[in-house]
Structure formats: structure tokens, C-alpha cells
Amino acid sequence: KNNPLKLEKGLYNVKVFIDGHEERADVRFIEYSGSLKKMYVVFCILLVAILFCVYIILLNKKITLEVAYVIIMLMFGVFYNYIMPPLGVPDEQSHFMEAYDLSSKMIFQEEYDENGYLMIREVDYDSIHYLHTAASISEWYDSFKLWGTRDKVSSEYISSVSTRSAHAYIASAIGITIARILNLSGHMLLLMGRLCNLIMMVVLVALSIKIIPFGKEFFFVLGSLPEVIYLFTSYSYDGMNFLGQMFGVDVAERVSWPVSANGIFFIFISEKR
């Protein structure tokens, strides 16, 4: 109390003693000004612009339903990325690291440290280690840069996801790879992986809408739900599970199985449970 520490905001590695045992821990000091006015202004402008575009698209009878879906979902996907920066979805950091590992294999730069941890660029390590609070989201944008460096550090990551299938992360890995080749910053790399995943998911849902004989409007609405956009704009493979269900219904209809519109709804409810 008599000699308080005066530290700049940032990440510090400190030594602590718990029951007489010495431990090391990372402590992050952040600063919050209490104002996110600029963020809210941009939020409102983007939302009004998107809703206006959606209105125009839906009025245009020349635009097919699947094309309208692609345009609308890409707009909302970018919007969701603005209000919910990367790694906010449950277990998204683990999914991101799986996609990063696949990216390293794609460009033949798969490296591990002496403990078996994947090596990643230092700028990427710095970008993924932040908390999702009002203060840290504000800091996320304040620290945004376009270009990065190629220096590598240990990710200190051990896989905890239930599946490590390459197809679940291929789109995200492509986005990460592009960012690494162009030497973009860690923030940009996180967004590129999300964007490529969004594009692949949206295009596949649009294809599903196009090929199904009936129920196109139902698929359009189902694929536009906030939870679906939430998954498609993340690194999670749950969006791929959703696509599998949609294509399963498509295949059932194509082989003339007796599945009605009510049957489609029943299938999705059953899968949800």
C-alpha cells in the first residue's frame, strides 16, 4: 500500500507462491476509458446500410434466392465479425489452432518446439491472447495493424478438440495461409481465416438451396438464423455439421424419398436434440 506498483498496460509474467509452491502466471493489465461511442456509431451505420441492402435485394425479382442468400449472408457475416471479434465463440481458440496447424502443413512450415507445441508467428500469438471484455475489444481495434512479421514463438497449445479431420478446417486454413504468405498482421490473419470459412459455408448452403426440389424458402430462413451466422463466421466445425444435415435432406429429396416439408422440419428438430 505504501509503495504501489506503477505498471504500463500489457502482459506480464509474474512469480506467485501457492501453499509454499512457486508458480509462474501471466497477468494482463488493460485500460478502459469507459467510452465505445465510435464503435456504436459504426455499428449503427453498418446495420442501417445492411438492412437497406437486404430490402433492395428482396424486392428485386431478378435475383434468385440462392444468390440473394450469398449476398445477404456475406454482409451479415462481416457485420458479425465487427461486433464479435475472433475467438469469442466457445472453444474457438482450439479450433483456430487446428486450422493453423493445417495451414503449416499446407505450406510445409510445420514446426514444433522441444515440448511438442506448434510454432506460430509472434504477431499471431500476441493477437490471440486477449480477453473478451469491453476494454479488450476496444483495445483490439486500437491495436489493429495491417502488416506483421515472420518471427516465430511457441503456441503453448495442446489439442483439445474432438475431431482433427482436415476437411473441418480446410477453408479456415486457406485463409490463414493467404495471410501468412502476404505477411499480414495477427489481427488480419484471424479475420482472413474466419472470412474464408464464411465464404465456403455460405456458398455450400446456397448450393443446397438451389438443388433442393422444394422448401427453398425454408432453407433460406434456416440458413439465415443468427446462431447459424454466429457459427459460419467462426473457426468452429459445427457449421460443417449443419451443412451435413442440409445436404442429407437434399440427397433424400433427390432420390425421391417420401420426405415432406414437415418431415424436413422434423429431421432438424431430431438432430438438434
# chains A, B, ... in the order shown; residues from 1 in each chain; ligands from 1

$ residues_around --residues "Gly223 (chain A)" --least-positions-apart "2" --cutoff "9 Å" --atoms "only C-alpha atoms" --output "ChimeraX atom specification"
/A:69,73,202,205-206,218-221,225-226,228-229

$ residues_around --residues "Leu65 (chain A)" --least-positions-apart "2" --cutoff "8 Å" --atoms "only C-alpha atoms" --output "PyMOL selection string"
chain A and resi 63+67-69+209-210+216-217+220

$ residues_around --residues "region 137-154 of chain A" --least-positions-apart "4" --cutoff "7 Å" --atoms "only C-alpha atoms" --output "list in words"
Asp113, Tyr117, Leu118, Met119, Ile120, Arg121, Glu122, Val123, His132, Thr133, Asn183, Leu184, Ser185, Gly186, His187 and Met188 of chain A

$ residues_around --residues "region 106-109 of chain A" --least-positions-apart "4" --cutoff "10 Å" --atoms "only C-alpha atoms" --output "JSON, numbers by chain"
{"A": [100, 101, 102, 119, 120, 170, 173, 174, 177, 180, 181]}

$ write_last_selection --atoms "C-alpha atoms" --output "compact mmCIF listing (two decimals), in the first residue's frame"
# COMPACT_ATOMS: atom_id res chain seq x y z
CA TYR A 100 -3.25 -23.02 -38.07
CA ASP A 101 -1.62 -26.44 -37.81
CA LEU A 102 -3.25 -27.47 -41.09
CA MET A 119 5.34 -22.88 -33.52
CA ILE A 120 3.37 -19.86 -34.74
CA ILE A 170 -9.75 -26.55 -44.82
CA ALA A 173 -6.61 -22.95 -43.13
CA ILE A 174 -6.65 -21.46 -46.63
CA THR A 177 -2.24 -19.47 -45.31
CA ARG A 180 0.87 -15.79 -43.77
CA ILE A 181 2.07 -15.65 -47.38

$ residues_around --residues "Glu92 (chain A)" --least-positions-apart "5" --cutoff "10 Å" --atoms "only C-alpha atoms" --output "NGL selection string"
:A and (86-87 or 97-98 or 161 or 231 or 234-237)

$ select_by_dssp --residues "region 93-207 of chain A" --states "strand (DSSP E)" --output "list in words"
Met119, Ile120, Arg121, Lys152, Val153 and Ser154 of chain A

$ select_by_dssp --residues "region 10-248 of chain A" --states "helix (DSSP H, G or I)" --output "NGL selection string"
:A and (37-59 or 65-83 or 92-106 or 122-128 or 134-142 or 166-168 or 170-181 or 186-211 or 216-222 or 226-232 or 238-248)

$ closest_residue --among "A:Val249, A:Ile128, A:Ala168, A:Leu243" --to "Leu189 (chain A)" --atoms "only C-alpha atoms"
A:Ile128

$ closest_residue --among "A:Gly193, A:Pro85, A:Gly116, A:Pro90" --to "Ser172 (chain A)" --atoms "only C-alpha atoms"
A:Gly193

$ atom_distance --atom1 "CA of Asn81 (chain A)" --atom2 "CA of Ile56 (chain A)"
23.0 Å

$ closest_residue --among "A:Leu204, A:Ala166, A:Leu74, A:Ile45" --to "Lys105 (chain A)" --atoms "only C-alpha atoms"
A:Ala166

$ closest_residue --among "A:Ile212, A:Ile176, A:Ile83, A:Leu222" --to "Leu191 (chain A)" --atoms "only C-alpha atoms"
A:Ile176

$ atom_distance --atom1 "CA of Phe76 (chain A)" --atom2 "CA of Met201 (chain A)"
13.3 Å
